[in-house]
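Below is start-v7.cif, holding mmCIF, C-alpha atoms.
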```cif
data_input
loop_
_atom_site.label_atom_id
_atom_site.label_comp_id
_atom_site.auth_asym_id
_atom_site.auth_seq_id
_atom_site.Cartn_x
_atom_site.Cartn_y
_atom_site.Cartn_z
CA MET A 713 5.21 10.09 20.70
CA GLY A 714 3.83 12.62 18.31
CA ASN A 715 3.69 12.90 14.57
CA LEU A 716 6.37 13.92 12.12
CA ILE A 717 5.17 17.09 10.43
CA CYS A 718 6.31 18.90 7.28
CA GLU A 719 5.09 22.43 6.79
CA ASN A 720 5.46 24.29 3.49
CA ILE A 721 8.60 22.41 2.48
CA ARG A 722 10.22 23.96 -0.55
CA LYS A 723 13.40 22.97 -2.33
CA GLN A 724 15.07 24.45 -5.31
CA PHE A 725 18.40 23.75 -6.90
CA LYS A 726 19.38 27.06 -8.49
CA LYS A 727 16.32 27.93 -10.58
CA HIS A 728 14.97 24.41 -10.68
CA VAL A 729 12.09 23.93 -8.22
CA VAL A 730 12.02 20.32 -6.97
CA LEU A 731 9.52 20.61 -4.13
CA GLU A 732 6.79 23.20 -3.84
CA ASP A 733 4.90 23.84 -0.61
CA VAL A 734 4.75 20.26 0.61
CA ASN A 735 2.59 19.81 3.70
CA LEU A 736 2.55 16.35 5.17
CA THR A 737 1.77 14.71 8.50
CA LEU A 738 3.19 11.26 9.13
CA GLU A 739 1.37 9.52 11.97
CA ARG A 740 2.71 6.96 14.38
CA GLY A 741 2.24 3.30 13.53
CA LYS A 742 1.38 3.58 9.85
CA ILE A 743 3.00 2.18 6.73
CA TYR A 744 3.16 4.77 3.98
CA GLY A 745 3.86 4.43 0.29
CA LEU A 746 5.58 7.47 -1.21
CA LEU A 747 4.84 7.18 -4.89
CA GLY A 748 5.94 9.19 -7.85
CA ARG A 749 7.74 8.99 -11.14
CA ASN A 750 11.47 9.35 -11.49
CA GLY A 751 12.34 12.95 -10.69
CA ALA A 752 9.09 13.62 -8.84
CA GLY A 753 11.05 14.65 -5.76
CA LYS A 754 10.71 11.52 -3.58
CA THR A 755 14.38 11.22 -2.60
CA THR A 756 14.69 14.97 -2.08
CA LEU A 757 11.64 15.00 0.19
CA MET A 758 12.90 12.07 2.25
CA SER A 759 16.37 13.62 2.48
CA ILE A 760 14.86 16.83 3.82
CA ILE A 761 12.57 15.06 6.34
CA THR A 762 15.52 13.08 7.65
CA ALA A 763 17.66 16.26 7.78
CA GLN A 764 20.28 14.97 5.37
CA LEU A 765 19.60 17.89 3.05
CA PRO A 766 18.64 21.46 3.97
CA SER A 767 15.35 22.71 2.55
CA SER A 768 14.98 26.06 0.80
CA GLY A 769 12.04 26.86 3.04
CA GLY A 770 9.55 25.37 5.46
CA ARG A 771 9.86 23.29 8.59
CA VAL A 772 10.09 19.64 9.62
CA SER A 773 9.22 18.92 13.24
CA LEU A 774 8.82 15.97 15.58
CA ASP A 775 6.94 16.47 18.84
CA GLY A 776 6.91 20.16 18.07
CA GLU A 777 10.70 20.39 17.87
CA ASP A 778 12.62 21.23 14.72
CA VAL A 779 14.38 18.19 13.33
CA TRP A 780 17.25 20.06 11.67
CA GLU A 781 20.49 19.71 13.69
CA ASN A 782 18.54 18.13 16.53
CA PRO A 783 20.36 14.91 17.57
CA LYS A 784 17.56 13.83 19.93
CA ALA A 785 14.92 13.96 17.19
CA LEU A 786 17.26 12.53 14.56
CA SER A 787 18.10 9.43 16.61
CA LYS A 788 14.43 8.48 16.11
CA ILE A 789 14.46 9.04 12.35
CA ALA A 790 16.30 6.69 9.99
CA PHE A 791 16.87 6.97 6.26
CA ALA A 792 17.77 3.80 4.35
CA ARG A 793 18.91 5.25 1.07
CA GLU A 794 20.18 3.59 -2.05
CA PHE A 795 23.93 2.99 -1.87
CA GLN A 796 25.68 3.69 -5.13
CA GLY A 797 28.80 1.99 -3.75
CA ASN A 798 31.08 2.84 -6.65
CA THR A 799 34.68 1.68 -6.38
CA GLY A 800 36.72 4.42 -4.76
CA SER A 801 33.73 6.23 -3.27
CA LEU A 802 33.45 6.70 0.47
CA ILE A 803 30.78 4.06 0.96
CA GLY A 804 32.12 1.79 -1.78
CA ASN A 805 35.33 1.28 0.19
CA LEU A 806 33.55 0.28 3.39
CA SER A 807 32.85 -3.28 4.41
CA VAL A 808 29.27 -4.21 5.30
CA GLN A 809 30.40 -4.49 8.92
CA GLU A 810 31.84 -0.97 8.96
CA LEU A 811 28.70 0.44 7.41
CA LEU A 812 26.49 -1.23 10.01
CA LYS A 813 28.75 0.11 12.76
CA MET A 814 27.63 3.60 11.68
CA GLY A 815 24.07 2.53 12.36
CA ARG A 816 25.04 1.40 15.84
CA ILE A 817 26.61 4.78 16.60
CA TYR A 818 23.89 6.84 15.03
CA TYR A 819 20.61 5.28 16.12
CA ALA A 820 19.51 5.26 19.75
CA ASN A 821 17.51 2.02 19.47
CA TRP A 822 19.90 0.09 17.19
CA ASP A 823 19.27 -3.68 17.41
CA GLU A 824 22.51 -5.57 16.73
CA GLU A 825 20.91 -8.99 17.16
CA TYR A 826 18.22 -8.18 14.60
CA ALA A 827 20.84 -6.90 12.12
CA ARG A 828 22.78 -10.16 12.52
CA LYS A 829 19.65 -12.25 12.00
CA LEU A 830 18.76 -10.38 8.79
CA MET A 831 22.35 -10.70 7.50
CA GLU A 832 22.12 -14.44 8.01
CA GLN A 833 18.72 -14.68 6.34
CA TRP A 834 20.01 -12.90 3.26
CA LYS A 835 23.42 -14.57 3.40
CA ILE A 836 25.42 -11.36 3.39
CA ASP A 837 29.08 -11.65 4.28
CA LYS A 838 29.84 -8.96 6.85
CA LYS A 839 33.39 -8.63 5.59
CA ALA A 840 32.35 -8.00 1.98
CA ILE A 841 33.32 -4.61 0.56
CA MET A 842 30.29 -2.62 -0.62
CA SER A 843 31.66 -1.91 -4.11
CA THR A 844 32.01 -5.66 -4.77
CA LEU A 845 28.35 -6.39 -3.99
CA SER A 846 25.60 -6.58 -6.60
CA GLN A 847 22.93 -3.88 -6.65
CA GLY A 848 20.49 -6.29 -5.04
CA MET A 849 22.89 -7.09 -2.21
CA ARG A 850 23.52 -3.39 -1.62
CA SER A 851 19.75 -2.84 -1.43
CA MET A 852 19.63 -5.58 1.21
CA VAL A 853 22.35 -3.89 3.28
CA SER A 854 20.43 -0.64 3.10
CA ILE A 855 17.22 -2.39 4.19
CA ILE A 856 19.01 -4.05 7.11
CA LEU A 857 20.41 -0.69 8.20
CA GLY A 858 16.90 0.78 8.13
CA LEU A 859 15.17 -2.10 9.90
CA ALA A 860 17.81 -2.62 12.61
CA SER A 861 17.84 1.11 13.37
CA LYS A 862 14.52 0.45 15.15
CA ALA A 863 13.93 4.15 14.59
CA GLU A 864 10.38 5.25 15.26
CA PHE A 865 10.21 6.80 11.80
CA THR A 866 12.10 4.89 9.12
CA PHE A 867 12.31 5.88 5.46
CA PHE A 868 13.27 3.46 2.69
CA ASP A 869 14.25 4.92 -0.66
CA GLU A 870 13.45 2.53 -3.52
CA PRO A 871 14.29 -0.45 -1.27
CA VAL A 872 13.21 -3.15 -3.71
CA ALA A 873 15.15 -1.88 -6.71
CA GLY A 874 17.43 -4.71 -7.74
CA LEU A 875 15.84 -7.29 -5.43
CA ASP A 876 14.51 -10.51 -6.96
CA ALA A 877 10.87 -11.52 -6.46
CA VAL A 878 11.62 -13.73 -3.45
CA ALA A 879 13.66 -11.07 -1.65
CA ARG A 880 10.98 -8.46 -2.40
CA GLU A 881 8.34 -10.67 -0.81
CA GLU A 882 10.63 -11.22 2.19
CA PHE A 883 11.14 -7.48 2.52
CA TYR A 884 7.38 -6.79 2.51
CA ARG A 885 6.94 -9.46 5.15
CA MET A 886 9.65 -7.89 7.33
CA ILE A 887 7.90 -4.53 7.04
CA ILE A 888 4.52 -5.99 8.06
CA GLU A 889 6.16 -7.89 10.92
CA GLU A 890 7.98 -4.81 12.23
CA ASN A 891 4.92 -2.64 11.99
CA ALA A 892 2.72 -5.23 13.71
CA ASN A 893 5.23 -5.95 16.48
CA THR A 894 6.56 -2.49 17.27
CA GLY A 895 4.16 0.07 15.82
CA ARG A 896 6.99 1.84 14.01
CA THR A 897 6.14 4.22 11.19
CA LEU A 898 7.61 3.02 7.91
CA VAL A 899 7.72 5.09 4.74
CA ILE A 900 8.61 3.32 1.52
CA SER A 901 9.21 5.05 -1.77
CA SER A 902 8.64 2.99 -4.84
CA HIS A 903 7.41 2.85 -8.37
CA ILE A 904 6.87 -0.90 -8.26
CA LEU A 905 3.30 -0.79 -7.06
CA GLU A 906 1.33 -3.83 -8.05
CA GLU A 907 2.84 -6.13 -5.47
CA ALA A 908 3.30 -3.54 -2.73
CA SER A 909 -0.09 -1.87 -2.71
CA GLY A 910 -1.48 -4.20 -0.03
CA ILE A 911 1.14 -3.31 2.54
CA PHE A 912 0.50 0.43 2.53
CA GLU A 913 -2.10 1.95 4.78
CA GLU A 914 -1.78 5.35 3.14
CA VAL A 915 -0.25 6.51 -0.12
CA ILE A 916 1.31 9.84 -0.94
CA PHE A 917 1.34 10.63 -4.66
CA LEU A 918 4.12 13.08 -5.43
CA HIS A 919 3.99 14.61 -8.88
CA GLY A 920 6.02 17.53 -10.17
CA GLY A 921 7.14 18.45 -6.65
CA LYS A 922 3.62 18.59 -5.24
CA ILE A 923 1.43 16.16 -3.32
CA LEU A 924 -1.38 15.15 -5.65
CA TYR A 925 -3.13 12.80 -3.24
CA HIS A 926 -2.42 11.69 0.31
CA GLU A 927 -5.03 9.19 1.36
CA ASN A 928 -5.89 5.78 2.75
CA VAL A 929 -5.21 3.31 -0.10
CA GLU A 930 -8.45 1.39 0.22
CA GLU A 931 -10.53 4.56 0.32
CA LEU A 932 -8.76 6.08 -2.68
CA LEU A 933 -9.17 2.90 -4.74
CA ALA A 934 -12.80 2.54 -3.67
CA ARG A 935 -13.66 5.85 -5.34
CA SER A 936 -11.53 5.34 -8.45
CA TYR A 937 -12.95 3.76 -11.60
CA ARG A 938 -12.00 3.07 -15.18
CA ILE A 939 -14.99 3.62 -17.43
CA THR A 940 -15.05 2.22 -20.96
CA GLY A 941 -17.74 2.43 -23.61
CA ARG A 942 -18.91 4.37 -26.64
CA SER A 943 -17.39 7.86 -26.57
CA ASP A 944 -20.62 9.84 -26.29
CA VAL A 945 -22.04 7.52 -23.61
CA VAL A 946 -18.84 7.76 -21.55
CA ASP A 947 -18.65 11.55 -21.92
CA GLU A 948 -22.26 11.90 -20.81
CA MET A 949 -21.69 9.70 -17.80
CA VAL A 950 -18.56 11.41 -16.49
CA GLN A 951 -19.46 15.00 -17.34
CA GLY A 952 -18.61 17.31 -14.43
CA HIS A 953 -16.37 14.75 -12.75
CA ARG A 954 -12.64 14.75 -12.33
CA VAL A 955 -11.34 12.79 -15.29
CA TYR A 956 -7.85 11.42 -15.88
CA HIS A 957 -6.02 9.66 -18.67
CA PRO A 958 -8.61 9.58 -21.50
CA GLN A 959 -7.85 7.08 -24.25
CA THR A 960 -9.81 6.69 -27.46
CA ILE A 961 -9.77 4.07 -30.12
CA GLY A 962 -12.34 4.46 -32.87
CA ARG A 963 -15.71 5.08 -31.19
CA SER A 964 -14.55 3.60 -27.91
CA LYS A 965 -13.29 5.69 -25.02
CA SER A 966 -11.81 4.93 -21.61
CA VAL A 967 -11.33 7.39 -18.76
CA THR A 968 -10.32 7.22 -15.13
CA VAL A 969 -12.64 8.96 -12.70
CA ILE A 970 -12.02 9.71 -9.03
CA LEU A 971 -15.33 10.52 -7.38
CA GLU A 972 -15.18 13.31 -4.79
CA GLY A 973 -17.26 13.42 -1.61
CA ASP A 974 -20.73 12.01 -2.19
CA GLU A 975 -20.64 12.34 -5.97
CA THR A 976 -22.23 9.63 -8.07
CA PHE A 977 -22.13 9.01 -11.81
CA ASN A 978 -24.66 10.62 -14.11
CA GLU A 979 -27.26 8.40 -15.79
CA GLN A 980 -25.58 5.10 -16.59
CA GLY A 981 -25.54 3.88 -20.15
CA GLU A 982 -23.97 0.69 -21.43
CA VAL A 983 -20.43 0.96 -20.18
CA SER A 984 -18.03 -1.24 -18.28
CA ILE A 985 -16.92 0.03 -14.93
CA GLN A 986 -13.71 -1.49 -13.64
CA PRO A 987 -11.90 -0.95 -10.36
CA GLU A 988 -8.51 0.73 -10.59
CA THR A 989 -5.42 -0.85 -9.08
CA LEU A 990 -2.79 1.31 -7.42
CA GLN A 991 -0.57 0.77 -10.46
CA SER A 992 -3.18 1.72 -13.06
CA LEU A 993 -4.27 4.72 -10.99
CA PHE A 994 -0.67 5.86 -10.67
CA VAL A 995 -0.20 5.72 -14.43
CA ALA A 996 -3.50 7.53 -15.03
CA LEU A 997 -2.70 10.34 -12.57
CA CYS A 998 0.84 10.89 -13.79
CA GLN A 999 -0.09 10.98 -17.45
CA ASN A 1000 -2.60 13.75 -17.07
CA GLU A 1001 -0.28 16.49 -18.21
CA MET B 1318 -7.49 -19.06 4.20
CA GLN B 1319 -5.17 -20.00 1.37
CA GLU B 1320 -6.74 -18.30 -1.62
CA LEU B 1321 -4.76 -15.63 -3.42
CA LEU B 1322 -5.82 -12.01 -3.33
CA ASN B 1323 -6.93 -10.39 -6.57
CA ASP B 1324 -7.34 -6.84 -7.85
CA GLU B 1325 -11.06 -7.06 -8.46
CA LYS B 1326 -12.16 -5.69 -5.12
CA SER B 1327 -10.89 -4.16 -1.89
CA ILE B 1328 -8.52 -6.37 0.08
CA TYR B 1329 -10.48 -6.00 3.32
CA LEU B 1330 -13.62 -7.31 1.58
CA GLN B 1331 -11.65 -10.29 0.26
CA ILE B 1332 -10.37 -11.03 3.77
CA SER B 1333 -13.88 -10.98 5.24
CA GLU B 1334 -15.23 -13.14 2.39
CA MET B 1335 -12.45 -15.69 2.85
CA ILE B 1336 -13.24 -15.98 6.56
CA GLU B 1337 -16.93 -16.41 5.68
CA THR B 1338 -16.13 -19.09 3.11
CA ASP B 1339 -13.98 -20.92 5.67
CA ILE B 1340 -16.91 -20.88 8.07
CA LEU B 1341 -19.23 -22.24 5.35
CA ARG B 1342 -16.75 -25.02 4.60
CA ASP B 1343 -16.28 -25.91 8.30
CA ILE B 1344 -12.62 -24.93 8.13
CA LEU B 1345 -13.43 -22.46 10.89
CA VAL B 1346 -16.11 -23.71 13.27
CA GLU B 1347 -18.49 -21.88 15.59
CA GLU B 1348 -17.10 -20.83 18.99
CA GLU B 1349 -13.58 -21.29 17.64
CA LYS B 1350 -10.84 -18.65 17.46
CA VAL B 1351 -10.10 -17.13 14.05
CA PRO B 1352 -6.55 -16.06 13.02
CA SER B 1353 -5.47 -12.74 14.54
CA THR B 1354 -5.18 -9.66 12.36
CA ASN B 1355 -1.39 -9.83 12.65
CA GLU B 1356 -1.44 -13.47 11.49
CA LEU B 1357 -3.65 -12.50 8.55
CA ALA B 1358 -1.38 -9.54 7.74
CA ARG B 1359 1.66 -11.82 7.68
CA LEU B 1360 -0.05 -14.58 5.69
CA TYR B 1361 -1.19 -12.26 2.91
CA THR B 1362 1.54 -9.61 3.28
CA ILE B 1363 -1.04 -6.90 3.78
CA ASN B 1364 -1.28 -3.96 6.11
CA PRO B 1365 -2.50 -4.97 9.60
CA ALA B 1366 -5.02 -2.11 9.51
CA THR B 1367 -6.56 -3.61 6.34
CA ALA B 1368 -6.80 -7.05 7.95
CA LEU B 1369 -8.45 -5.47 10.98
CA LYS B 1370 -10.97 -3.70 8.76
CA GLY B 1371 -11.94 -7.03 7.17
CA VAL B 1372 -12.35 -8.72 10.55
CA ASN B 1373 -14.30 -5.79 12.00
CA LEU B 1374 -16.75 -5.97 9.14
CA LEU B 1375 -17.69 -9.47 10.34
CA VAL B 1376 -17.87 -8.27 13.95
CA ASP B 1377 -20.33 -5.57 12.88
CA GLN B 1378 -22.46 -8.20 11.14
CA GLY B 1379 -22.47 -10.41 14.24
CA ILE B 1380 -20.53 -13.23 12.56
CA LEU B 1381 -17.43 -12.85 14.75
CA TYR B 1382 -17.17 -11.58 18.30
CA LYS B 1383 -14.32 -10.37 20.43
CA LYS B 1384 -13.19 -12.03 23.64
CA ARG B 1385 -11.21 -9.38 25.44
CA GLY B 1386 -7.53 -10.22 25.58
CA ILE B 1387 -7.95 -13.53 23.74
CA GLY B 1388 -9.01 -12.72 20.20
CA MET B 1389 -11.83 -13.05 17.70
CA PHE B 1390 -14.21 -16.00 17.73
CA VAL B 1391 -16.88 -17.35 15.40
CA LYS B 1392 -20.32 -16.71 16.87
CA SER B 1393 -22.70 -19.63 17.16
CA GLY B 1394 -25.26 -19.37 14.38
CA ALA B 1395 -22.67 -17.65 12.15
CA LYS B 1396 -22.86 -20.27 9.42
CA GLU B 1397 -26.62 -19.91 9.12
CA MET B 1398 -26.26 -16.14 9.07
CA ILE B 1399 -23.69 -16.23 6.24
CA LEU B 1400 -25.85 -18.62 4.22
CA ASN B 1401 -28.86 -16.33 4.56
CA LYS B 1402 -26.84 -13.27 3.66
CA ARG B 1403 -25.32 -14.92 0.57
CA ARG B 1404 -28.73 -16.15 -0.55
CA GLU B 1405 -30.06 -12.61 -0.27
CA ASP B 1406 -27.08 -11.32 -2.26
CA PHE B 1407 -27.43 -14.04 -4.85
CA TYR B 1408 -29.91 -12.04 -6.94
CA ASP B 1409 -27.73 -8.90 -7.00
CA THR B 1410 -24.39 -10.62 -7.49
CA PHE B 1411 -25.33 -13.35 -9.94
CA VAL B 1412 -28.88 -13.24 -11.33
CA LYS B 1413 -28.84 -9.56 -12.29
CA LYS B 1414 -25.59 -9.84 -14.24
CA PHE B 1415 -26.74 -13.05 -15.85
CA LEU B 1416 -29.96 -11.40 -17.04
CA GLU B 1417 -28.10 -8.34 -18.33
CA GLU B 1418 -25.81 -10.50 -20.45
CA ALA B 1419 -28.78 -12.52 -21.71
CA LYS B 1420 -30.55 -9.31 -22.69
CA GLN B 1421 -27.49 -8.03 -24.54
CA LEU B 1422 -27.36 -11.31 -26.47
CA GLY B 1423 -31.09 -11.34 -27.15
CA ILE B 1424 -31.72 -14.59 -25.28
CA SER B 1425 -35.38 -14.89 -24.30
CA LYS B 1426 -36.70 -15.88 -20.86
CA LYS B 1427 -38.02 -19.10 -22.33
CA GLU B 1428 -34.61 -20.03 -23.68
CA LEU B 1429 -33.02 -19.19 -20.33
CA VAL B 1430 -35.39 -21.48 -18.46
CA LYS B 1431 -34.61 -24.22 -20.96
CA MET B 1432 -30.88 -23.78 -20.36
CA ILE B 1433 -31.30 -23.98 -16.59
CA GLU B 1434 -33.41 -27.12 -16.89
CA ARG B 1435 -30.79 -28.74 -19.08
CA GLU B 1436 -28.48 -28.93 -16.03
#
```
Step by step, read the file and then write its structure as structure tokens.
Amino acid sequence: MGNLICENIRKQFKKHVVLEDVNLTLERGKIYGLLGRNGAGKTTLMSIITAQLPSSGGRVSLDGEDVWENPKALSKIAFAREFQGNTGSLIGNLSVQELLKMGRIYYANWDEEYARKLMEQWKIDKKAIMSTLSQGMRSMVSIILGLASKAEFTFFDEPVAGLDAVAREEFYRMIIEENANTGRTLVISSHILEEASGIFEEVIFLHGGKILYHENVEELLARSYRITGRSDVVDEMVQGHRVYHPQTIGRSKSVTVILEGDETFNEQGEVSIQPETLQSLFVALCQNE
Amino acid sequence: MQELLNDEKSIYLQISEMIETDILRDILVEEEKVPSTNELARLYTINPATALKGVNLLVDQGILYKKRGIGMFVKSGAKEMILNKRREDFYDTFVKKFLEEAKQLGISKKELVKMIERE
């Protein structure tokens, strides 16, 4: 099995450019975090990769074959999206059972037993109508659809939105378990980062329709620092480096620095150097403009 | 292996330090199997690749070794090795910081010695 590759993906809705020249390689067996603010283009990108939405340009391929209108490739790619489930809507009128039946038809490796086990664990009534479920329960149904698809590449769009802390922890555990047992590639979009950062091997920061960083989480955090001290001392120390999210209060200044290559800090004065977390780095990167 | 992870340093370093601490406390003993990377990943809800990185760090240092097809084991002499390593690191991790803070507060060497002897 090869990688899932996006080349120069572009998407615009009328004049509004949502994605601009996105190049991305998703490798087998990794857990990815797709991170970005609301409106950064996460759902659009995942919809295009999973061929649920046409792009305005560029190519998505698996094993060298175009994914678009390619049933063989698409049976290996699952998209667990957020179900709105409004009363009267197409999905809102379906029972959980009927919705899962679509998974069985659509995905080549669908695992009915696994779906049943997860339904039991989360106490979801298979006869329940989607529009009568809470947002959290609908998220669970979407997660079950994604996991039981057993698709080699599975995308989860904001899967933990609406889940309580216990269910979120259970979801992360399921993801780890699946990845460890089967070597599936799992891509999770989120803006709840603090608790999830440990499960990602790589993160993809999407900002304003572009990929800002795509890197191993540990390596990215290892070269990211928050420096705080007297303004002039801090400025001196970080001069020439890539600086994000400066904050000043009186004579004190804080900045985020991501060191590139074999860069080191200039002469160190009296400053505090703190490690960034994925959450604080995310905020710092996205606030730069 | 029950401590909680924190944000202060890389997760893989915390994993390797927890295994070391368990060896120091005789929770893991020499020539005994350590938890697999998948078990560690599940226990801490972390990426298996991160758990593997933490374990491999100890393999590189000769504290753990791999038995093909069985798993990772604690090498005999590992406890002694960890003790020596932590003693060597003691100056950098603790003494240096301690002296820096003392300097910032204007505490003299003489006063420091007095404080230590008070214990």
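Our summary of the geometry notes that atom CA of B:Ser1327 is positioned 23.0 Å from atom CA of A:Glu882.
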Excluding same-chain residues fewer than 5 positions from stretch 777-782 of chain A, what lies within 10 Å of it counting all atoms listed in the file, as a VMD selection string? chain A and resid 716 to 717 760 to 767 771 to 772 787 789
Could you list, as a list in words, the residues of chain A having an atom within 7 Å of chain B when counting only C-alpha atoms?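 Selected residues: Tyr884, Arg885, Ile888, Glu889, Ala892, Gly910, Ile911, Phe912, Glu913, Glu930, Pro987 and Thr989 of chain A.
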Please work out which residues fall within 9 Å of (-4.7, 1.8, -10.8), coordinates as given in the file, with all atoms listed in the file counting, and return them as a PyMOL selection string. chain A and resi 906+933+936-938+968+987-997
Work out how far atom CA of A:Glu931 is from atom CA of B:Gly1371, in Å to one decimal.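 These two atoms are separated by 13.5 Å.
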Two-atom distance - atom CA of A:Asn715, atom CA of A:Glu739 (Å):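 Going from atom CA of A:Asn715 over to atom CA of A:Glu739, I get 4.9 Å.
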With only C-alpha atoms as the counted atoms, please give the residues lying no more than 6 Å from stretch 1392-1396 of chain B, apart from itself and same-chain residues fewer than 5 positions off, as a PDB file with C-alpha atoms, in the coordinates of the input.
```pdb
ATOM      1  CA  LEU B1341     -19.230 -22.240   5.350  1.00  0.00           C
ATOM      2  CA  GLU B1347     -18.490 -21.880  15.590  1.00  0.00           C
ATOM      3  CA  GLU B1348     -17.100 -20.830  18.990  1.00  0.00           C
ATOM      4  CA  ILE B1380     -20.530 -13.230  12.560  1.00  0.00           C
ATOM      5  CA  LEU B1381     -17.430 -12.850  14.750  1.00  0.00           C
TER       6      LEU B1381
END
```
Explicit residues for the PyMOL selection byres ((chain A and resi 815) around 10) (as JSON, numbers by chain): {"A": [790, 810, 811, 812, 813, 814, 816, 817, 818, 819, 820, 821, 822, 823, 824, 827, 856, 857, 858, 860, 861]}
Keeping only C-alpha atoms, write those residues as a PDB file, in the frame of the given file.
```pdb
ATOM      1  CA  ALA A 790      16.300   6.690   9.990  1.00  0.00           C
ATOM      2  CA  GLU A 810      31.840  -0.970   8.960  1.00  0.00           C
ATOM      3  CA  LEU A 811      28.700   0.440   7.410  1.00  0.00           C
ATOM      4  CA  LEU A 812      26.490  -1.230  10.010  1.00  0.00           C
ATOM      5  CA  LYS A 813      28.750   0.110  12.760  1.00  0.00           C
ATOM      6  CA  MET A 814      27.630   3.600  11.680  1.00  0.00           C
ATOM      7  CA  ARG A 816      25.040   1.400  15.840  1.00  0.00           C
ATOM      8  CA  ILE A 817      26.610   4.780  16.600  1.00  0.00           C
ATOM      9  CA  TYR A 818      23.890   6.840  15.030  1.00  0.00           C
ATOM     10  CA  TYR A 819      20.610   5.280  16.120  1.00  0.00           C
ATOM     11  CA  ALA A 820      19.510   5.260  19.750  1.00  0.00           C
ATOM     12  CA  ASN A 821      17.510   2.020  19.470  1.00  0.00           C
ATOM     13  CA  TRP A 822      19.900   0.090  17.190  1.00  0.00           C
ATOM     14  CA  ASP A 823      19.270  -3.680  17.410  1.00  0.00           C
ATOM     15  CA  GLU A 824      22.510  -5.570  16.730  1.00  0.00           C
ATOM     16  CA  ALA A 827      20.840  -6.900  12.120  1.00  0.00           C
ATOM     17  CA  ILE A 856      19.010  -4.050   7.110  1.00  0.00           C
ATOM     18  CA  LEU A 857      20.410  -0.690   8.200  1.00  0.00           C
ATOM     19  CA  GLY A 858      16.900   0.780   8.130  1.00  0.00           C
ATOM     20  CA  ALA A 860      17.810  -2.620  12.610  1.00  0.00           C
ATOM     21  CA  SER A 861      17.840   1.110  13.370  1.00  0.00           C
TER      22      SER A 861
END
```
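Restricting the calculation to all atoms listed in the file, the smallest distance between B:Glu1349 and any of B:Val1372, B:Gln1378, B:Val1391, B:Ile1399 is found for B:Val1391.
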Which residues, named as in the file, does the PyMOL selection byres ((chain A and resi 747) around 6) pick out? Answer as JSON, numbers by chain. {"A": [745, 746, 748, 901, 902, 916, 917, 918]}
Pick from A:Ser759, A:Gln986, A:Gln724, A:Gln951 nearest to A:Ala934, counting all atoms listed in the file: A:Gln986
Near B:Ile1387, counting only C-alpha atoms, which residues have an atom at most 12 Å away, once you skip same-chain residues fewer than 5 positions from it, shown as a list of chain:residue names?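 So the residues in contact are B:Glu1349, B:Lys1350, B:Val1351, B:Pro1352, B:Ser1353, B:Tyr1382.
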Include C-alpha atoms and write out the residues we just selected as an mmCIF file, keeping the file's coordinate frame.
```cif
data_model
loop_
_atom_site.group_PDB
_atom_site.id
_atom_site.type_symbol
_atom_site.label_atom_id
_atom_site.label_comp_id
_atom_site.auth_asym_id
_atom_site.auth_seq_id
_atom_site.Cartn_x
_atom_site.Cartn_y
_atom_site.Cartn_z
ATOM 1 C CA GLU B 1349 -13.580 -21.290 17.640
ATOM 2 C CA LYS B 1350 -10.840 -18.650 17.460
ATOM 3 C CA VAL B 1351 -10.100 -17.130 14.050
ATOM 4 C CA PRO B 1352 -6.550 -16.060 13.020
ATOM 5 C CA SER B 1353 -5.470 -12.740 14.540
ATOM 6 C CA TYR B 1382 -17.170 -11.580 18.300
#
```
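Using all atoms listed in the file, the nearest neighbour of B:Lys1370 within the list B:Gly1386, B:Thr1410, B:Glu1436, B:Ile1332 is B:Ile1332.
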Tell me which residues the PyMOL selection byres ((chain A and resi 725-728) around 12) grabs here, as a ChimeraX atom specification. /A:722-724,729-732,751,753,756,765-768,920-921
Pop stretch 783-802 of chain A out of the structure in the block and write C-alpha atoms as a CSV table (one decimal), in the first residue's frame.
```
chain,number,residue,atom,x,y,z
A,783,PRO,CA,-14.5,3.2,-6.5
A,784,LYS,CA,-11.5,0.9,-5.8
A,785,ALA,CA,-9.5,3.7,-4.2
A,786,LEU,CA,-12.5,5.2,-2.4
A,787,SER,CA,-13.4,1.9,-0.7
A,788,LYS,CA,-10.1,2.3,1.2
A,789,ILE,CA,-10.8,5.9,2.2
A,790,ALA,CA,-13.4,6.8,4.8
A,791,PHE,CA,-14.7,10.2,5.9
A,792,ALA,CA,-16.4,10.4,9.3
A,793,ARG,CA,-18.0,13.8,9.1
A,794,GLU,CA,-20.1,15.7,11.5
A,795,PHE,CA,-23.7,14.9,11.1
A,796,GLN,CA,-26.0,17.9,11.4
A,797,GLY,CA,-29.0,15.6,11.7
A,798,ASN,CA,-31.6,18.3,11.6
A,799,THR,CA,-35.3,17.1,11.7
A,800,GLY,CA,-36.5,16.6,8.1
A,801,SER,CA,-33.0,16.4,6.6
A,802,LEU,CA,-31.9,13.3,4.7
```
